[in-house]
Amino acid sequence: MATPALPINRLAQETSPYLQQHAHNPVDWYPWDAEALTRARTEQKPILVSIGYAACHWCHVMERESFENTAVAALMNRYFVCIKVDREERPDVDQIYMDALHAMGLRGGWPLNVFLTAEAKPFYGGTYFPPGNWMKLLENIGQAYAGEHRVALEQSAERFMQVIGTSELQKHSGRPTPPPPLNAAAAGLQTSNMEDANPAGVSEDEFRHLVYTLGAQFDRERGGLHGAPKFPMPSVWRFLLRAHAVSGSQALLDQTVLSLREMAWGGIYDQVHGGFARYSVDAEWLAPHFEKMLYDNGQLVSLYSEAFQVTQDALFREVVYDTVEFVRLELTNAEGGFYSSLDADSEGTEGLFYTFTNAELRDILGDEEPLFSAYYNCTAAGNWEHGRNILHRRQTDEAFAAAHELAPDAVPGMVAEWKQKIMAVRATRIRPGLDNKVLTGWNALMLQGLTDAYRAFAEPEFLVVAERNARYIEAHLRDGERLYRTSKNGRPSINGFLEDYALVIQAYISLYEVSFVEKWLREAETLTGYVLRNFFDPAETQFFYTDSNAEPLIARKKELLDNVIPASNSVMAHNLHRLGRHLENNQYVSLAADMLAQVRHLVAKEPQHFSNWASLYAALLRPGAEVAVIGPDAEVFREELNRSFLFDTIVAGSETRSELPLLKLLKPAPQGETAVHVCRNQACLAPVYSVAEALMALAAV
C-alpha cells in the first residue's frame, strides 16, 4: 500500500528553513504577507501568529506535539488565520509581538504565540503550550472571538496598542522625550567642532557610577552575570575591556578574564571542534541548549581577539582560531556567505551529537579514557541527562599536568589526539540540522569578528575569508544603496532592517582599517547616507528599525536596548563616531554624541542593558587618536599597529597619496620612509618613522 502523501501548505515556497520545516503540517499556515492579513480582514477572523527560528528546541517540541497533530490543526484552521514567522527573517514582526507579550505581563521567549484581532492587534499570547492546554486555549479564544466577547477582546487589544505604540525612549526613561538637540544632522544646522568637550554630557563621576552599577551584576566566582540561564553577552565584556583602557582598573580586567576563561572551559563551548552554543541553562556554563548561532560566534571571535590583544592569553588565541575554523567548515557556503545556525537537536534528541556516555568514551579511547575523563570532567554516571557527559574543563593544562604527574609540554599533544578520535566518531553520527539561510546583519557580525581576529593575530587567512564575505554581501545582499535582509540559494528577499545596515557599516569600516582598501570606507559612507535619509527620526535623534519604504506594521519601533546582539541604534552611533572621524564629517561625530545624550541617563542607570552604549560613553569620555600611515611600508606598519588594543583609535593609511580626508594633506616622507602621524582634535604631532615611536606617542596623548 502506498504511503499517503503529506499535506503541503504555503510555507513550502518560502526561503526560510524554519518555515519550510512547517510546510507539511496540517495547519493551513501562511507566511507573514498581504494575503494572510487581507483574508483575516475580509473574513473578520482572528489571527494566530506563531514565531520561532530553526535552531529553537522548544519550537520543535511544540511542532511535534501540536502543529503536526491533525486534531490540533483542525481547531487552528477552524477559528484562525494562522501565520508562521521566522523571527530571524522578520525581526520587525517579532519585536512588536514580543513587546505585546511583555505588555500583557508575560515572560517572553520562543516559540512566541500571539492572538491578534483581524486588524493584527494583539490581545493574548504566550510561549510554549503543552498540547492539552493549547487545544483548550484555541477553543476558548476561538469561541470568544466568534461570539459575544469579541468587543471585549478588541478593546483589550486597543489597550495593548497604547503600550506598543509608546516610544521606546519614553517607555524606558519613564519621562517625556526631550526635544532634539539643535545640532541634529537631519535639521541641516551647523554642528559644533569635534573638539568640544563632553558633547554628550559624559562625566568621570557618572562613568564610575556606571561601572560600579554594572559590577553589582558580576558573578565573581564563575564569571558572567549573576543567575541562570547564562548568556555570553559579548558587548558587556567588550565594554569592560574599554573601561579597563579608560580607568586602568585591574579588577575590571580580572573579571573579564575570569568570564572568558570560564566560558571557554565550559560546556557552552564545543571543546572538540570550537564554537559556542547560545547560552547555558545553569550558572556554571555547563549545560547549554546546544544550538550554535552565527551571531554569537562572530561577536565572541571579536571579544576573544581583543582580550588576547590586552592579555596575550594563549587560551583566547586557541578559542579564536578554533571558532573561526568551525565557522569556515560548518557555516560557510561555496561563495563565502555564512549560514545562520546549527540546531540543538539531532535524531530528535537535544545535544546527542556532542555528548557521550562513559561506555562510549571507553570504546573510543581505551586505556586513555580515565585521563580523558579527568581532563573533561566526565563521570561513569554522566554529568548531564540520561547518563551522558558534556565535555568541559576546570583547570589549566599546567595544573592538570601537575595533578597527574605529566610533563607540562605533553598535555597539548595528548589533547589534540583525543580531539581527533572524538571527531572521528562524531563524523559517523547524524548531524544537527543546518539553517542555511544567509542573514545580512549576522554575516556582518562574523565579518567584524574576522577583522578583529586579523588585527590581533595578523593571520592572512582571516583577512582572505573576511574580504570574500564582504564581496558576497556586495554581490548577493546589496541592491544599489539598499541592503536585503536575507538570501537563500542565491535568492535575496526582504528589505534590510537598521540592524543589517548598522552592522554592515561597522564591519566595512573595520575592513578598511585592517586592509587600507578605500572601497570599504566609501561603501560604509554610501550606506550611512541611505540610513540617514530613510531611518532617522529627528524628533528623538534615533533611528527607526524599519526603512521608510518598508511595509507598514501596526507600530514602527526603535531598538535601544543592547541585548545579545547590540541595539542597532547603539551600533549606528558608534558608526557615526568612527566614520565621522575618518571623513572629517563633524555632523556625523556630533550626531553620535547627540544619540548618546538621549539615553545617557539610562546607560548610567542600567548599564547591563546598555553595554554597547556604555562603550561609546567611554569613547567620548576618553577620546582616542586618529592615526595616519603614509609610505611604502604602510601595510607592514598597519599590521604591527593593529596588534595592540588601541581603544577608540582609528587607523588610516596608504602607500602613496590618497583623497581620504585624513590622508590627502599628508605628504609621503622623504627618502622612501614610512611616516606615522598621530592626531587628535584635528591637530597632529610631528610624524614618527617606526611603529614603536607611534605606540609611544599614542600612550602619551
# chains A, B, ... in the order shown; residues from 1 in each chain; ligands from 1
>>> residues_around(residues="Asn489 of chain A", least_positions_apart="4", cutoff="10 Å", atoms="only C-alpha atoms", output="short mmCIF file (atom, residue, chain, number, x, y, z; two decimals) with N, CA, C and O atoms, in the first residue's frame")
data_model
loop_
_atom_site.label_atom_id
_atom_site.label_comp_id
_atom_site.auth_asym_id
_atom_site.auth_seq_id
_atom_site.Cartn_x
_atom_site.Cartn_y
_atom_site.Cartn_z
N THR A 15 11.70 31.02 1.67
CA THR A 15 13.16 30.87 1.69
C THR A 15 13.65 30.39 3.04
O THR A 15 14.75 29.83 3.13
N ASN A 333 29.12 28.95 2.97
CA ASN A 333 28.71 28.40 1.68
C ASN A 333 29.82 28.56 0.64
O ASN A 333 30.87 29.14 0.91
N ASN A 436 20.39 27.08 6.60
CA ASN A 436 21.32 27.56 5.57
C ASN A 436 20.88 28.85 4.89
O ASN A 436 21.35 29.16 3.80
N LYS A 437 20.00 29.60 5.55
CA LYS A 437 19.74 30.94 5.01
C LYS A 437 20.90 31.85 5.43
O LYS A 437 21.56 31.63 6.45
N VAL A 438 21.13 32.89 4.65
CA VAL A 438 22.20 33.85 4.91
C VAL A 438 21.55 35.16 5.34
O VAL A 438 20.74 35.72 4.60
#
>>> residues_around(residues="segment 71-74 of chain A", least_positions_apart="2", cutoff="7 Å", atoms="only C-alpha atoms", output="ChimeraX atom specification")
/A:26-27,66-67,69,76-78,135
>>> write_last_selection(atoms="N, CA and C atoms", output="CSV table (one decimal), in the first residue's frame")
chain,number,residue,atom,x,y,z
A,26,PRO,N,-0.4,19.9,9.0
A,26,PRO,CA,-1.8,20.0,8.6
A,26,PRO,C,-2.4,21.4,8.9
A,27,VAL,N,-1.6,22.2,9.6
A,27,VAL,CA,-2.1,23.6,9.8
A,27,VAL,C,-2.0,24.3,8.5
A,66,SER,N,1.9,19.6,18.6
A,66,SER,CA,0.7,20.3,18.3
A,66,SER,C,0.5,20.6,16.8
A,67,PHE,N,1.5,21.1,16.2
A,67,PHE,CA,1.3,21.6,14.8
A,67,PHE,C,1.3,20.4,13.8
A,69,ASN,N,-0.2,17.6,14.7
A,69,ASN,CA,-1.4,16.9,15.2
A,69,ASN,C,-2.6,17.3,14.4
A,76,MET,N,-7.1,25.0,15.0
A,76,MET,CA,-6.4,26.2,14.5
A,76,MET,C,-7.0,26.7,13.2
A,77,ASN,N,-7.2,25.8,12.3
A,77,ASN,CA,-7.8,26.2,10.9
A,77,ASN,C,-9.2,26.7,11.0
A,78,ARG,N,-10.0,26.1,12.0
A,78,ARG,CA,-11.4,26.5,12.1
A,78,ARG,C,-11.6,27.9,12.6
A,135,MET,N,-5.0,23.2,23.1
A,135,MET,CA,-6.3,22.9,22.5
A,135,MET,C,-7.4,23.7,23.2
>>> residues_around(residues="segment 32-40 of chain A", least_positions_apart="3", cutoff="10 Å", atoms="only C-alpha atoms", output="PyMOL selection string")
chain A and resi 29+43-47+49+80-86+90+93+116-120+551
>>> residues_around(residues="segment 415-417 of chain A", least_positions_apart="6", cutoff="10 Å", atoms="only C-alpha atoms", output="list of chain:residue names")
A:Val272, A:Leu365, A:Phe372, A:Tyr375, A:Asp397, A:Met423
>>> select_by_dssp(residues="segment 36-280 of chain A", states="strand (DSSP E or B)", output="JSON, numbers by chain")
{"A": [47, 48, 49, 50, 51, 52, 81, 82, 83, 84, 85, 86, 112, 113, 114, 115, 116, 122, 123, 124, 125, 126, 218, 225, 230, 269, 276, 279, 280]}
>>> closest_residue(among="A:Asp633, A:Glu350, A:Glu306, A:Glu405", to="Gly449 of chain A", atoms="only C-alpha atoms")
A:Glu306
>>> residues_around(residues="Gly108 of chain A", least_positions_apart="6", cutoff="8 Å", atoms="only C-alpha atoms", output="list of chain:residue names")
A:Met98, A:Leu101, A:His102, A:Gly126, A:Thr127
>>> write_last_selection(atoms="all heavy atoms", output="short mmCIF file (atom, residue, chain, number, x, y, z; two decimals), in the first residue's frame")
data_model
loop_
_atom_site.label_atom_id
_atom_site.label_comp_id
_atom_site.auth_asym_id
_atom_site.auth_seq_id
_atom_site.Cartn_x
_atom_site.Cartn_y
_atom_site.Cartn_z
N MET A 98 6.57 40.56 20.60
CA MET A 98 7.25 40.32 21.88
C MET A 98 6.95 41.46 22.84
O MET A 98 6.72 41.24 24.05
CB MET A 98 8.75 40.17 21.67
CG MET A 98 9.50 39.76 22.92
SD MET A 98 9.04 38.13 23.56
CE MET A 98 9.88 37.07 22.39
N LEU A 101 3.59 40.83 24.31
CA LEU A 101 3.60 39.83 25.38
C LEU A 101 4.06 40.46 26.69
O LEU A 101 3.49 40.20 27.76
CB LEU A 101 4.51 38.67 24.99
CG LEU A 101 4.26 37.34 25.72
CD1 LEU A 101 2.92 36.76 25.29
CD2 LEU A 101 5.38 36.35 25.45
N HIS A 102 5.10 41.29 26.62
CA HIS A 102 5.57 41.96 27.82
C HIS A 102 4.50 42.90 28.37
O HIS A 102 4.35 43.04 29.60
CB HIS A 102 6.86 42.73 27.53
CG HIS A 102 8.01 41.84 27.18
ND1 HIS A 102 9.07 42.23 26.41
CD2 HIS A 102 8.27 40.54 27.50
CE1 HIS A 102 9.93 41.24 26.28
NE2 HIS A 102 9.46 40.20 26.92
N GLY A 126 1.48 33.92 24.51
CA GLY A 126 2.30 33.09 25.40
C GLY A 126 3.45 32.50 24.61
O GLY A 126 3.70 32.87 23.46
N THR A 127 4.14 31.57 25.23
CA THR A 127 5.27 30.93 24.55
C THR A 127 4.90 29.48 24.25
O THR A 127 4.02 29.22 23.45
CB THR A 127 6.54 31.06 25.41
OG1 THR A 127 6.30 30.55 26.73
CG2 THR A 127 6.98 32.51 25.51
#
>>> residues_around(residues="Ile494 of chain A", least_positions_apart="4", cutoff="7 Å", atoms="only C-alpha atoms", output="PyMOL selection string")
chain A and resi 484-486
>>> write_last_selection(atoms="all heavy atoms", output="short mmCIF file (atom, residue, chain, number, x, y, z; two decimals), in the first residue's frame")
data_model
loop_
_atom_site.label_atom_id
_atom_site.label_comp_id
_atom_site.auth_asym_id
_atom_site.auth_seq_id
_atom_site.Cartn_x
_atom_site.Cartn_y
_atom_site.Cartn_z
N TYR A 484 19.42 43.89 1.29
CA TYR A 484 18.41 42.90 1.62
C TYR A 484 18.68 42.36 3.02
O TYR A 484 19.80 42.44 3.54
CB TYR A 484 18.44 41.74 0.63
CG TYR A 484 17.95 42.07 -0.75
CD1 TYR A 484 18.84 42.25 -1.80
CD2 TYR A 484 16.59 42.19 -1.00
CE1 TYR A 484 18.39 42.55 -3.08
CE2 TYR A 484 16.12 42.49 -2.27
CZ TYR A 484 17.03 42.67 -3.31
OH TYR A 484 16.57 42.96 -4.57
N ARG A 485 17.67 41.74 3.61
CA ARG A 485 17.83 41.10 4.91
C ARG A 485 18.43 39.71 4.80
O ARG A 485 19.26 39.31 5.60
CB ARG A 485 16.46 41.01 5.62
CG ARG A 485 16.44 40.15 6.88
CD ARG A 485 17.29 40.70 7.97
NE ARG A 485 17.16 39.93 9.22
CZ ARG A 485 17.85 40.17 10.31
NH1 ARG A 485 18.73 41.14 10.34
NH2 ARG A 485 17.68 39.45 11.40
N THR A 486 18.02 38.96 3.75
CA THR A 486 18.35 37.54 3.73
C THR A 486 18.49 37.04 2.31
O THR A 486 18.00 37.66 1.35
CB THR A 486 17.25 36.73 4.47
OG1 THR A 486 17.63 35.35 4.52
CG2 THR A 486 15.91 36.83 3.77
#
>>> residues_around(residues="segment 598-608 of chain A", least_positions_apart="2", cutoff="9 Å", atoms="only C-alpha atoms", output="ChimeraX atom specification")
/A:169,172-173,177-178,180,200-202,206-207,209-211,213-214,217,225,236,540-542,560,562-563,593-596,610-614,617
>>> write_last_selection(atoms="C-alpha atoms", output="short mmCIF file (atom, residue, chain, number, x, y, z; two decimals), in the first residue's frame")
data_model
loop_
_atom_site.label_atom_id
_atom_site.label_comp_id
_atom_site.auth_asym_id
_atom_site.auth_seq_id
_atom_site.Cartn_x
_atom_site.Cartn_y
_atom_site.Cartn_z
CA LEU A 169 12.73 56.28 24.65
CA HIS A 172 12.40 53.10 29.17
CA SER A 173 13.10 56.54 30.58
CA THR A 177 11.12 62.67 25.27
CA PRO A 178 13.33 65.77 25.41
CA PRO A 180 16.08 67.05 19.79
CA ALA A 200 27.02 64.13 25.33
CA GLY A 201 27.34 65.37 28.90
CA VAL A 202 29.55 62.48 29.98
CA GLU A 206 28.83 59.23 36.27
CA PHE A 207 31.15 56.80 34.49
CA HIS A 209 28.88 55.06 39.00
CA LEU A 210 28.01 53.26 35.74
CA VAL A 211 30.87 50.78 36.18
CA THR A 213 26.37 49.55 38.97
CA LEU A 214 27.40 47.02 36.35
CA GLN A 217 25.73 42.15 38.49
CA LEU A 225 26.50 37.96 35.22
CA VAL A 236 29.27 43.57 28.25
CA GLU A 540 14.08 61.64 19.08
CA THR A 541 17.54 61.76 17.47
CA GLN A 542 17.45 57.99 16.98
CA LEU A 560 17.55 50.96 22.10
CA ASP A 562 21.68 46.20 23.88
CA ASN A 563 20.91 42.52 24.04
CA ALA A 593 27.11 62.33 20.74
CA ASP A 594 23.51 63.56 20.47
CA MET A 595 22.26 59.97 20.23
CA LEU A 596 24.14 59.03 23.39
CA PHE A 610 23.08 49.42 27.50
CA SER A 611 26.60 48.00 27.41
CA ASN A 612 27.38 48.92 23.80
CA TRP A 613 26.15 52.44 24.52
CA ALA A 614 28.45 52.37 27.55
CA TYR A 617 30.28 56.69 26.68
#
>>> select_by_dssp(residues="segment 133-381 of chain A", states="helix (DSSP H, G or I)", output="NGL selection string")
:A and (133-146 or 150-164 or 168-173 or 185-187 or 204-215 or 234-247 or 250-265 or 294-311 or 314-330 or 358-376)
>>> closest_residue(among="A:Trp418, A:Glu499, A:Arg159, A:Ala245", to="Ser615 of chain A", atoms="only C-alpha atoms")
A:Ala245
>>> closest_atom_pairs(of="segment 186-253 of chain A", to="segment 273-282 of chain A", cutoff="12 Å", atoms="only C-alpha atoms", output="tab-separated table")
residue	atom	partner	partner_atom	distance
A:Arg222	CA	A:Asp282	CA	11.1
A:Gly224	CA	A:Ser280	CA	11.0
A:Leu225	CA	A:Asp282	CA	11.8
A:His226	CA	A:Asp282	CA	10.6
A:Gly227	CA	A:Asp282	CA	7.9
A:Ala228	CA	A:Asp282	CA	5.1
A:Pro229	CA	A:Val281	CA	4.3
A:Lys230	CA	A:Ser280	CA	5.1
A:Phe231	CA	A:Tyr279	CA	4.6
A:Pro232	CA	A:Tyr279	CA	6.7
A:Met233	CA	A:Tyr279	CA	9.3
A:Pro234	CA	A:Arg278	CA	11.6
>>> closest_residue(among="A:Ala100, A:Ala23, A:Leu695, A:His476", to="Gln162 of chain A", atoms="only C-alpha atoms")
A:Ala100
